[in-house]
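Notes to accompany the following structure.
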Amino acid sequence: MLVSLTSTTPVATDLGHLLHKHPDRVRSVDVGFGRAHVFYPEATPQRCTATTYVEVDPFGRTRHRQHRRAQGLEPYLNDRPYAASSMLSVALGRLFRTALNGTCEARPELVGQSLDLEVGLPVVPVRGGQQLLRRLFEPLGYDVDCSSIALDTEFPAWGDSRHVSARLAGRQTVRSALEHLYVLLPVLDDNKHYWIGPDEVDKLLSRGGDWLGSHPESDLIARRYLRLPDYTREALARLADTGEDSDLLDTQRDAAEQATEAPLRLGEQRLEAVLEVVRSVGAGSVLDLGCGEGRLLERLIVEPAVTRAVGVDVSVGALNRAEKRLRLENMSERRRERVQLLQGALTYTDSRLRGFDVATVVEAVEHLDPDRLDVFAEVVFGHVSASTVVLTTPNREYNQNFEQLDSRGLRHEDHRFEWTRAEFEAWAGGMAERFGYSVEISAVGPVDPVCGPPTQMAVFSR
């Protein structure tokens, strides 16, 4: 994978001082997944180019990853060694840490100087195409020249790939240009090769704090960079610097989704449908995965047959609101022993989540990235392995009956996808066969003769 940074501002070779890399030498560092190099194809007073080249070891990268079950040759044959992704972002951080920190001891006066810079990205994966690339870089002051790359030039009928060749030109400080690349490369790809932790919020604000807050796509950038809604909310709240609860953004989105579905009272119908399953199987212990503000738990703890109800959510703010909704502080000791709130994600195993009669996943799976669904399935069906699993999710075909949808035609801005009936049936059937369950799919809400129900529910049984 390659990225080049070219200065045409005399004296152009000042670029070497700012990057702390001498034009006469090749600088190389190990980056865990391979080796990164910086070299200068040209270095004259009129034009100086620094090129970063990353050699990715696909076998070494795969050996160090804890793959669930490798699906064919995909872990070994993919675009990662050739396309500008989060791996290139990491390499830039390793190679140019001093420049990213705005330090230049030899020529400190250069740090704040804007140069005429060109950024060359021969191959960059973009989920959203050329239009998204322009939306991200043009507000930062770049002229964007880009073109899509064909899947195969020998077979033009196959069309274009999701990869783009791009040239960005603008008057920027070197530090700003590196920060833009560091943050936006994984955003364009909408994927990261490493686990996301709380430190990612600080990393994003450190590299994007001067420009991200005013960027028209700050919401999208934070969501794609941080991946997890809880981290996204925290970052946006800190950027806004309003002192408001970091869950305000998600609360507003949830309210918008509820307003969309309000005429159908769909939220109530979903919860009642799930409760009916819990009652029908005579469940004593119920695990609510993605419990949110505790609306289902509120109903479970008054069910006579339910002796234990545990809610799990990745958002600490949501769990705090659930605690208030359930009035845990005022609950009798006997009832308090029956309910528990845990912080955790749907894609991580946790021994505390085993041994339940029923596991529920109510309107949560659509908040996961599609490439995490296999991990989610391993956790819910393989690790948790409850006797009954109840899962509800929107039916995308029904959305044409709603007036208020997001720009993608989905019901919630944080939904990463929404299944059609056929897609949901195929996925549910595959999971049931793979993990030893039978599955029944039913409708929740009024059934449109053409579009089907607004919500679809799958009940998996051992």
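In the structure tokens, chains take the letters A, B, ... in the order shown, each chain's residues start at 1, and ligands count up from 1 in the order shown.
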At most 10 Å is the cut-off: for each residue in segment 409-453 of chain A with any atom that close to an atom of segment 378-388 of chain A, write down the nearest atom pair and the distance in Å rounded to one decimal, counting only C-alpha atoms, chain first then increasing number, as a Markdown table.
| residue | atom | partner | partner_atom | distance |
| --- | --- | --- | --- | --- |
| A:Met431 | CA | A:Phe381 | CA | 8.0 |
| A:Ala432 | CA | A:Phe381 | CA | 8.6 |
| A:Arg434 | CA | A:Phe381 | CA | 9.2 |
| A:Phe435 | CA | A:Phe381 | CA | 6.3 |
| A:Gly436 | CA | A:Phe381 | CA | 8.8 |
| A:Tyr437 | CA | A:Thr388 | CA | 8.7 |
| A:Ser438 | CA | A:Thr388 | CA | 9.7 |
| A:Val439 | CA | A:Thr388 | CA | 9.6 |
Would you mind exporting all heavy atoms of the selected residues as a compact mmCIF listing (two decimals), in the first residue's frame?
# COMPACT_ATOMS: atom_id res chain seq x y z
N MET A 431 -28.07 -19.89 10.91
CA MET A 431 -27.60 -19.93 12.30
C MET A 431 -28.19 -21.13 13.05
O MET A 431 -27.51 -21.79 13.84
CB MET A 431 -27.95 -18.63 13.03
CG MET A 431 -27.25 -17.39 12.51
SD MET A 431 -25.44 -17.51 12.52
CE MET A 431 -25.11 -17.87 10.78
N ALA A 432 -29.47 -21.40 12.81
CA ALA A 432 -30.11 -22.53 13.48
C ALA A 432 -29.43 -23.85 13.11
O ALA A 432 -29.12 -24.68 13.98
CB ALA A 432 -31.60 -22.56 13.12
N ARG A 434 -26.41 -24.25 11.95
CA ARG A 434 -25.01 -24.27 12.36
C ARG A 434 -24.84 -24.56 13.85
O ARG A 434 -23.89 -25.25 14.25
CB ARG A 434 -24.40 -22.91 12.01
CG ARG A 434 -22.95 -22.73 12.42
CD ARG A 434 -22.46 -21.41 11.89
NE ARG A 434 -21.28 -20.95 12.56
CZ ARG A 434 -20.76 -19.73 12.41
NH1 ARG A 434 -21.36 -18.87 11.61
NH2 ARG A 434 -19.68 -19.38 13.04
N PHE A 435 -25.76 -24.05 14.68
CA PHE A 435 -25.59 -24.17 16.13
C PHE A 435 -26.56 -25.15 16.79
O PHE A 435 -26.63 -25.20 18.02
CB PHE A 435 -25.72 -22.78 16.78
CG PHE A 435 -24.58 -21.85 16.44
CD1 PHE A 435 -24.71 -20.91 15.42
CD2 PHE A 435 -23.37 -21.93 17.11
CE1 PHE A 435 -23.67 -20.05 15.10
CE2 PHE A 435 -22.32 -21.07 16.80
CZ PHE A 435 -22.47 -20.14 15.79
N GLY A 436 -27.30 -25.89 15.99
CA GLY A 436 -28.14 -26.94 16.56
C GLY A 436 -29.45 -26.47 17.15
O GLY A 436 -29.91 -27.01 18.16
N TYR A 437 -30.06 -25.46 16.56
CA TYR A 437 -31.37 -24.97 16.97
C TYR A 437 -32.40 -25.24 15.88
O TYR A 437 -32.05 -25.42 14.70
CB TYR A 437 -31.34 -23.45 17.21
CG TYR A 437 -30.66 -22.98 18.47
CD1 TYR A 437 -29.28 -22.80 18.51
CD2 TYR A 437 -31.39 -22.69 19.61
CE1 TYR A 437 -28.64 -22.35 19.65
CE2 TYR A 437 -30.78 -22.23 20.77
CZ TYR A 437 -29.40 -22.06 20.79
OH TYR A 437 -28.79 -21.61 21.93
N SER A 438 -33.67 -25.25 16.25
CA SER A 438 -34.74 -25.07 15.28
C SER A 438 -35.16 -23.61 15.37
O SER A 438 -34.89 -22.94 16.37
CB SER A 438 -35.93 -25.98 15.61
OG SER A 438 -36.47 -25.65 16.88
N VAL A 439 -35.80 -23.08 14.34
CA VAL A 439 -36.16 -21.67 14.36
C VAL A 439 -37.54 -21.47 13.75
O VAL A 439 -37.91 -22.13 12.78
CB VAL A 439 -35.11 -20.80 13.61
CG1 VAL A 439 -35.03 -21.18 12.13
CG2 VAL A 439 -35.41 -19.32 13.77
Contacts of Thr44 of chain A within 10 Å, only C-alpha atoms, excl. fewer than 5 positions in-chain, as a PDB file with N, CA, C and O atoms, in the first residue's frame:
ATOM      1  N   SER A   7       5.348  18.313  -1.686  1.00  0.00           N
ATOM      2  CA  SER A   7       5.344  19.757  -1.476  1.00  0.00           C
ATOM      3  C   SER A   7       5.881  20.446  -2.720  1.00  0.00           C
ATOM      4  O   SER A   7       6.897  20.033  -3.280  1.00  0.00           O
ATOM      5  N   THR A   8       5.195  21.515  -3.145  1.00  0.00           N
ATOM      6  CA  THR A   8       5.678  22.321  -4.274  1.00  0.00           C
ATOM      7  C   THR A   8       5.939  23.752  -3.835  1.00  0.00           C
ATOM      8  O   THR A   8       6.027  24.651  -4.663  1.00  0.00           O
ATOM      9  N   PRO A  10       8.433  26.340  -2.506  1.00  0.00           N
ATOM     10  CA  PRO A  10       9.875  26.507  -2.271  1.00  0.00           C
ATOM     11  C   PRO A  10      10.128  26.988  -0.840  1.00  0.00           C
ATOM     12  O   PRO A  10       9.370  27.820  -0.335  1.00  0.00           O
ATOM     13  N   VAL A  11      11.117  26.463  -0.155  1.00  0.00           N
ATOM     14  CA  VAL A  11      11.993  25.396  -0.606  1.00  0.00           C
ATOM     15  C   VAL A  11      11.294  24.080  -0.304  1.00  0.00           C
ATOM     16  O   VAL A  11      11.057  23.762   0.857  1.00  0.00           O
ATOM     17  N   ALA A  12      10.994  23.301  -1.348  1.00  0.00           N
ATOM     18  CA  ALA A  12      10.165  22.108  -1.176  1.00  0.00           C
ATOM     19  C   ALA A  12      10.811  21.069  -0.275  1.00  0.00           C
ATOM     20  O   ALA A  12      10.117  20.307   0.401  1.00  0.00           O
ATOM     21  N   THR A  13      12.125  21.045  -0.258  1.00  0.00           N
ATOM     22  CA  THR A  13      12.808  20.049   0.580  1.00  0.00           C
ATOM     23  C   THR A  13      12.665  20.322   2.076  1.00  0.00           C
ATOM     24  O   THR A  13      13.106  19.516   2.897  1.00  0.00           O
ATOM     25  N   ASP A  14      12.031  21.448   2.424  1.00  0.00           N
ATOM     26  CA  ASP A  14      11.681  21.652   3.835  1.00  0.00           C
ATOM     27  C   ASP A  14      10.763  20.541   4.336  1.00  0.00           C
ATOM     28  O   ASP A  14      10.661  20.315   5.550  1.00  0.00           O
ATOM     29  N   PRO A  23      15.845  13.164   2.961  1.00  0.00           N
ATOM     30  CA  PRO A  23      15.599  12.686   1.588  1.00  0.00           C
ATOM     31  C   PRO A  23      16.644  11.722   1.052  1.00  0.00           C
ATOM     32  O   PRO A  23      16.362  10.971   0.109  1.00  0.00           O
ATOM     33  N   THR A  49       8.862  14.901  -2.863  1.00  0.00           N
ATOM     34  CA  THR A  49       7.836  13.883  -2.595  1.00  0.00           C
ATOM     35  C   THR A  49       8.354  12.861  -1.606  1.00  0.00           C
ATOM     36  O   THR A  49       9.420  12.280  -1.804  1.00  0.00           O
TER      37      THR A  49
END
Need to verify the contact set: Arg308 of chain A, 10 Å, only C-alpha atoms, exclusion of same-chain residues closer than 5 positions in sequence. Can you return it as a tab-separated table (two decimals) with all heavy atoms, in the first residue's frame?
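Printed below is selection-v7.tsv as written:
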chain	number	residue	atom	x	y	z
A	283	ALA	N	-39.85	-19.76	31.25
A	283	ALA	CA	-38.46	-19.43	31.59
A	283	ALA	C	-38.32	-18.95	33.02
A	283	ALA	O	-39.10	-18.11	33.49
A	283	ALA	CB	-37.94	-18.36	30.64
A	284	GLY	N	-37.32	-19.46	33.71
A	284	GLY	CA	-37.01	-18.98	35.04
A	284	GLY	C	-35.94	-17.91	35.02
A	284	GLY	O	-35.95	-16.98	35.82
A	285	SER	N	-34.99	-18.01	34.09
A	285	SER	CA	-33.90	-17.03	33.99
A	285	SER	C	-33.85	-16.47	32.58
A	285	SER	O	-33.91	-17.23	31.60
A	285	SER	CB	-32.56	-17.66	34.37
A	285	SER	OG	-32.27	-18.78	33.55
A	286	VAL	N	-33.74	-15.15	32.47
A	286	VAL	CA	-33.76	-14.48	31.17
A	286	VAL	C	-32.58	-13.52	31.09
A	286	VAL	O	-32.34	-12.72	32.01
A	286	VAL	CB	-35.07	-13.70	30.95
A	286	VAL	CG1	-35.07	-13.03	29.57
A	286	VAL	CG2	-36.27	-14.62	31.09
A	287	LEU	N	-31.86	-13.57	29.98
A	287	LEU	CA	-30.73	-12.68	29.70
A	287	LEU	C	-31.13	-11.76	28.56
A	287	LEU	O	-31.40	-12.22	27.45
A	287	LEU	CB	-29.50	-13.50	29.31
A	287	LEU	CG	-28.26	-12.73	28.87
A	287	LEU	CD1	-27.66	-11.95	30.05
A	287	LEU	CD2	-27.22	-13.69	28.27
A	300	LEU	N	-40.04	-7.93	32.78
A	300	LEU	CA	-39.64	-9.27	33.20
A	300	LEU	C	-39.67	-9.44	34.71
A	300	LEU	O	-40.04	-10.51	35.22
A	300	LEU	CB	-38.22	-9.58	32.68
A	300	LEU	CG	-38.06	-9.84	31.19
A	300	LEU	CD1	-36.59	-9.90	30.81
A	300	LEU	CD2	-38.76	-11.15	30.79
A	301	ILE	N	-39.29	-8.41	35.45
A	301	ILE	CA	-39.15	-8.59	36.90
A	301	ILE	C	-40.50	-8.70	37.61
A	301	ILE	O	-40.54	-9.06	38.79
A	301	ILE	CB	-38.32	-7.45	37.53
A	301	ILE	CG1	-38.98	-6.09	37.28
A	301	ILE	CG2	-36.90	-7.48	37.00
A	301	ILE	CD1	-38.23	-4.93	37.95
A	335	ARG	N	-36.59	-8.69	45.74
A	335	ARG	CA	-36.71	-8.49	44.29
A	335	ARG	C	-35.38	-8.05	43.69
A	335	ARG	O	-35.07	-8.41	42.56
A	335	ARG	CB	-37.79	-7.45	44.01
A	335	ARG	CG	-37.94	-7.12	42.53
A	335	ARG	CD	-39.17	-6.28	42.24
A	335	ARG	NE	-40.39	-7.10	42.31
A	335	ARG	CZ	-41.60	-6.64	42.02
A	335	ARG	NH1	-41.75	-5.39	41.64
A	335	ARG	NH2	-42.65	-7.43	42.09
A	336	ARG	N	-34.59	-7.30	44.47
A	336	ARG	CA	-33.30	-6.83	43.96
A	336	ARG	C	-32.39	-7.99	43.62
A	336	ARG	O	-31.57	-7.90	42.69
A	336	ARG	CB	-32.64	-5.94	45.03
A	336	ARG	CG	-31.29	-5.35	44.61
A	336	ARG	CD	-31.47	-4.35	43.48
A	336	ARG	NE	-30.21	-3.79	43.04
A	336	ARG	CZ	-29.41	-4.36	42.15
A	336	ARG	NH1	-29.75	-5.52	41.60
A	336	ARG	NH2	-28.28	-3.78	41.80
A	337	GLU	N	-32.51	-9.10	44.31
A	337	GLU	CA	-31.69	-10.27	44.03
A	337	GLU	C	-32.02	-10.90	42.69
A	337	GLU	O	-31.24	-11.69	42.16
A	337	GLU	CB	-31.86	-11.30	45.15
A	337	GLU	CG	-31.28	-10.86	46.49
A	337	GLU	CD	-31.60	-11.85	47.60
A	337	GLU	OE1	-32.40	-12.78	47.33
A	337	GLU	OE2	-31.05	-11.70	48.70
A	338	ARG	N	-33.19	-10.55	42.14
A	338	ARG	CA	-33.63	-11.17	40.89
A	338	ARG	C	-33.14	-10.44	39.65
A	338	ARG	O	-33.29	-10.96	38.54
A	338	ARG	CB	-35.17	-11.23	40.86
A	338	ARG	CG	-35.78	-12.10	41.95
A	338	ARG	CD	-37.29	-11.92	41.98
A	338	ARG	NE	-37.90	-12.19	40.69
A	338	ARG	CZ	-39.17	-11.88	40.39
A	338	ARG	NH1	-39.94	-11.29	41.28
A	338	ARG	NH2	-39.65	-12.16	39.20
A	339	VAL	N	-32.61	-9.23	39.80
A	339	VAL	CA	-32.25	-8.43	38.62
A	339	VAL	C	-30.81	-7.94	38.74
A	339	VAL	O	-30.33	-7.63	39.83
A	339	VAL	CB	-33.22	-7.24	38.46
A	339	VAL	CG1	-33.16	-6.32	39.67
A	339	VAL	CG2	-32.92	-6.46	37.19
A	340	GLN	N	-30.12	-7.91	37.58
A	340	GLN	CA	-28.73	-7.49	37.55
A	340	GLN	C	-28.45	-6.79	36.23
A	340	GLN	O	-28.97	-7.18	35.18
A	340	GLN	CB	-27.81	-8.70	37.69
A	340	GLN	CG	-26.32	-8.36	37.81
A	340	GLN	CD	-25.46	-9.61	37.97
A	340	GLN	OE1	-25.94	-10.73	37.84
A	340	GLN	NE2	-24.19	-9.42	38.27
A	356	PHE	N	-28.54	-19.49	31.09
A	356	PHE	CA	-29.88	-18.89	31.11
A	356	PHE	C	-30.87	-19.73	30.30
A	356	PHE	O	-30.49	-20.38	29.32
A	356	PHE	CB	-29.85	-17.47	30.56
A	356	PHE	CG	-29.20	-16.48	31.49
A	356	PHE	CD1	-27.82	-16.33	31.52
A	356	PHE	CD2	-29.97	-15.71	32.35
A	356	PHE	CE1	-27.22	-15.43	32.38
A	356	PHE	CE2	-29.38	-14.80	33.21
A	356	PHE	CZ	-28.00	-14.67	33.24
A	357	ASP	N	-32.11	-19.69	30.72
A	357	ASP	CA	-33.16	-20.41	29.97
A	357	ASP	C	-33.45	-19.71	28.65
A	357	ASP	O	-33.63	-20.36	27.61
A	357	ASP	CB	-34.45	-20.48	30.80
A	357	ASP	CG	-34.25	-21.26	32.09
A	357	ASP	OD1	-33.50	-22.25	32.07
A	357	ASP	OD2	-34.86	-20.87	33.11
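Shell of segment 264-279 of chain A at 7 Å, with only C-alpha atoms counted and residues fewer than 3 places along the chain excluded, is Glu261, Gly282, Ala283, Leu296, Val390, Val444 and Gly445 of chain A.
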Could you tell me, as a CSV table (one decimal) with C-alpha atoms, in the first residue's frame, which residues of segment 14-255 of chain A DSSP assigns to helix (DSSP H, G or I) when given the backbone?
chain,number,residue,atom,x,y,z
A,14,ASP,CA,11.7,21.7,3.8
A,15,LEU,CA,9.3,18.7,3.8
A,16,GLY,CA,12.1,16.5,5.0
A,17,HIS,CA,12.6,18.7,8.1
A,18,LEU,CA,8.9,18.6,8.9
A,19,LEU,CA,8.7,14.8,8.5
A,58,PRO,CA,-0.6,-11.7,5.1
A,59,PHE,CA,0.5,-14.9,6.7
A,60,GLY,CA,2.0,-13.2,9.7
A,61,ARG,CA,-1.1,-11.0,10.1
A,62,THR,CA,-3.3,-14.1,10.0
A,63,ARG,CA,-1.2,-16.0,12.5
A,86,SER,CA,-6.3,1.4,8.9
A,87,MET,CA,-3.0,-0.4,8.6
A,88,LEU,CA,-1.6,2.5,6.6
A,89,SER,CA,-3.0,4.9,9.2
A,90,VAL,CA,-1.1,3.0,11.9
A,91,ALA,CA,2.1,3.1,9.8
A,92,LEU,CA,1.8,6.9,9.4
A,93,GLY,CA,1.4,7.2,13.1
A,94,ARG,CA,4.6,5.1,13.7
A,95,LEU,CA,6.7,6.8,11.0
A,97,ARG,CA,4.7,10.6,15.3
A,98,THR,CA,6.9,13.6,15.8
A,99,ALA,CA,5.4,15.5,12.8
A,100,LEU,CA,1.9,14.6,14.0
A,108,PRO,CA,10.3,25.2,14.5
A,109,GLU,CA,9.0,28.1,12.4
A,110,LEU,CA,8.0,25.6,9.7
A,129,GLY,CA,-17.7,5.8,-3.4
A,130,GLN,CA,-16.2,9.0,-4.9
A,131,GLN,CA,-19.0,11.1,-3.4
A,132,LEU,CA,-18.0,10.2,0.2
A,133,LEU,CA,-14.3,10.8,-0.5
A,134,ARG,CA,-15.2,14.3,-1.7
A,135,ARG,CA,-17.5,15.0,1.3
A,136,LEU,CA,-14.7,14.1,3.7
A,137,PHE,CA,-11.8,16.0,2.1
A,138,GLU,CA,-13.3,19.0,0.3
A,139,PRO,CA,-14.5,20.7,3.5
A,140,LEU,CA,-10.9,20.5,4.8
A,156,PRO,CA,-15.5,-4.2,-18.1
A,157,ALA,CA,-19.0,-5.7,-17.7
A,158,TRP,CA,-18.1,-6.5,-14.1
A,174,VAL,CA,2.2,19.0,7.1
A,175,ARG,CA,0.8,18.2,10.5
A,176,SER,CA,-2.8,18.8,9.3
A,177,ALA,CA,-2.4,16.7,6.2
A,178,LEU,CA,-1.0,13.8,8.2
A,179,GLU,CA,-3.9,14.1,10.8
A,180,HIS,CA,-6.5,14.1,8.0
A,181,LEU,CA,-5.0,10.9,6.5
A,182,TYR,CA,-4.6,9.3,9.9
A,183,VAL,CA,-8.2,9.8,10.8
A,184,LEU,CA,-10.0,9.5,7.5
A,185,LEU,CA,-8.3,6.5,5.9
A,186,PRO,CA,-10.1,4.0,8.2
A,187,VAL,CA,-13.3,6.1,7.9
A,188,LEU,CA,-13.3,5.7,4.1
A,189,ASP,CA,-12.6,2.0,4.4
A,199,ASP,CA,-8.3,4.9,24.1
A,200,GLU,CA,-9.6,5.3,20.6
A,201,VAL,CA,-11.8,8.2,21.7
A,202,ASP,CA,-8.7,10.1,23.0
A,203,LYS,CA,-6.8,9.2,19.8
A,204,LEU,CA,-9.6,10.6,17.6
A,205,LEU,CA,-9.8,13.8,19.6
A,206,SER,CA,-6.0,14.1,19.7
A,207,ARG,CA,-5.7,13.9,15.9
A,208,GLY,CA,-9.0,15.5,14.9
A,218,SER,CA,-18.3,14.8,12.1
A,219,ASP,CA,-21.0,12.4,13.1
A,220,LEU,CA,-20.2,9.9,10.3
A,221,ILE,CA,-16.4,10.3,10.9
A,222,ALA,CA,-16.8,9.6,14.7
A,223,ARG,CA,-19.2,6.7,14.1
A,224,ARG,CA,-17.0,4.9,11.6
A,225,TYR,CA,-13.7,5.6,13.3
A,226,LEU,CA,-14.9,4.4,16.8
A,229,PRO,CA,-22.0,3.7,19.7
A,230,ASP,CA,-21.0,4.4,23.3
A,231,TYR,CA,-17.6,5.7,22.2
A,232,THR,CA,-19.1,7.7,19.4
A,233,ARG,CA,-21.5,9.4,21.8
A,234,GLU,CA,-18.6,10.2,24.1
A,235,ALA,CA,-16.5,11.7,21.4
A,236,LEU,CA,-19.3,13.9,19.9
A,237,ALA,CA,-20.2,15.1,23.3
A,238,ARG,CA,-16.6,16.0,24.1
A,239,LEU,CA,-16.3,17.7,20.7
A,240,ALA,CA,-19.4,19.8,21.4
A,248,LEU,CA,-27.7,12.8,24.5
A,249,LEU,CA,-27.1,12.1,20.8
A,250,ASP,CA,-28.2,8.5,21.0
A,251,THR,CA,-31.2,9.4,23.1
A,252,GLN,CA,-32.2,11.8,20.3
A,253,ARG,CA,-31.8,9.1,17.7
A,254,ASP,CA,-33.8,6.6,19.7
A,255,ALA,CA,-36.5,9.3,20.1
- prompt: Within 12 Å of Leu328 of chain A, counting only C-alpha atoms, which residues qualify if same-chain residues fewer than 2 places away don't, as a ChimeraX atom specification?
  reply: /A:294,297-298,301,319-326,330-341
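Residue neighbourhood of Asp116 of chain A, excluding near-sequence residues (fewer than 3 positions): Thr6, Ser7, Thr8, Thr9, Ala169, Gly170, Arg171, Gln172 and Thr173 of chain A, at 9 Å, using only C-alpha atoms.
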message: Report as a ChimeraX atom specification all protein, DNA and RNA residues lying within 7 Å of segment 411-425 of chain A, evaluated on only C-alpha atoms, omitting residues in the same chain fewer than 2 positions from it.
response: /A:253,257,366-369,394-397,405-406,409,427-429
task: Pull the strand (DSSP E) assignments for segment 59-284 of chain A out of DSSP run on the backbone, and list those residues as an MDAnalysis selection string.
output: chainID A and resid 115:125 143:150 160:172
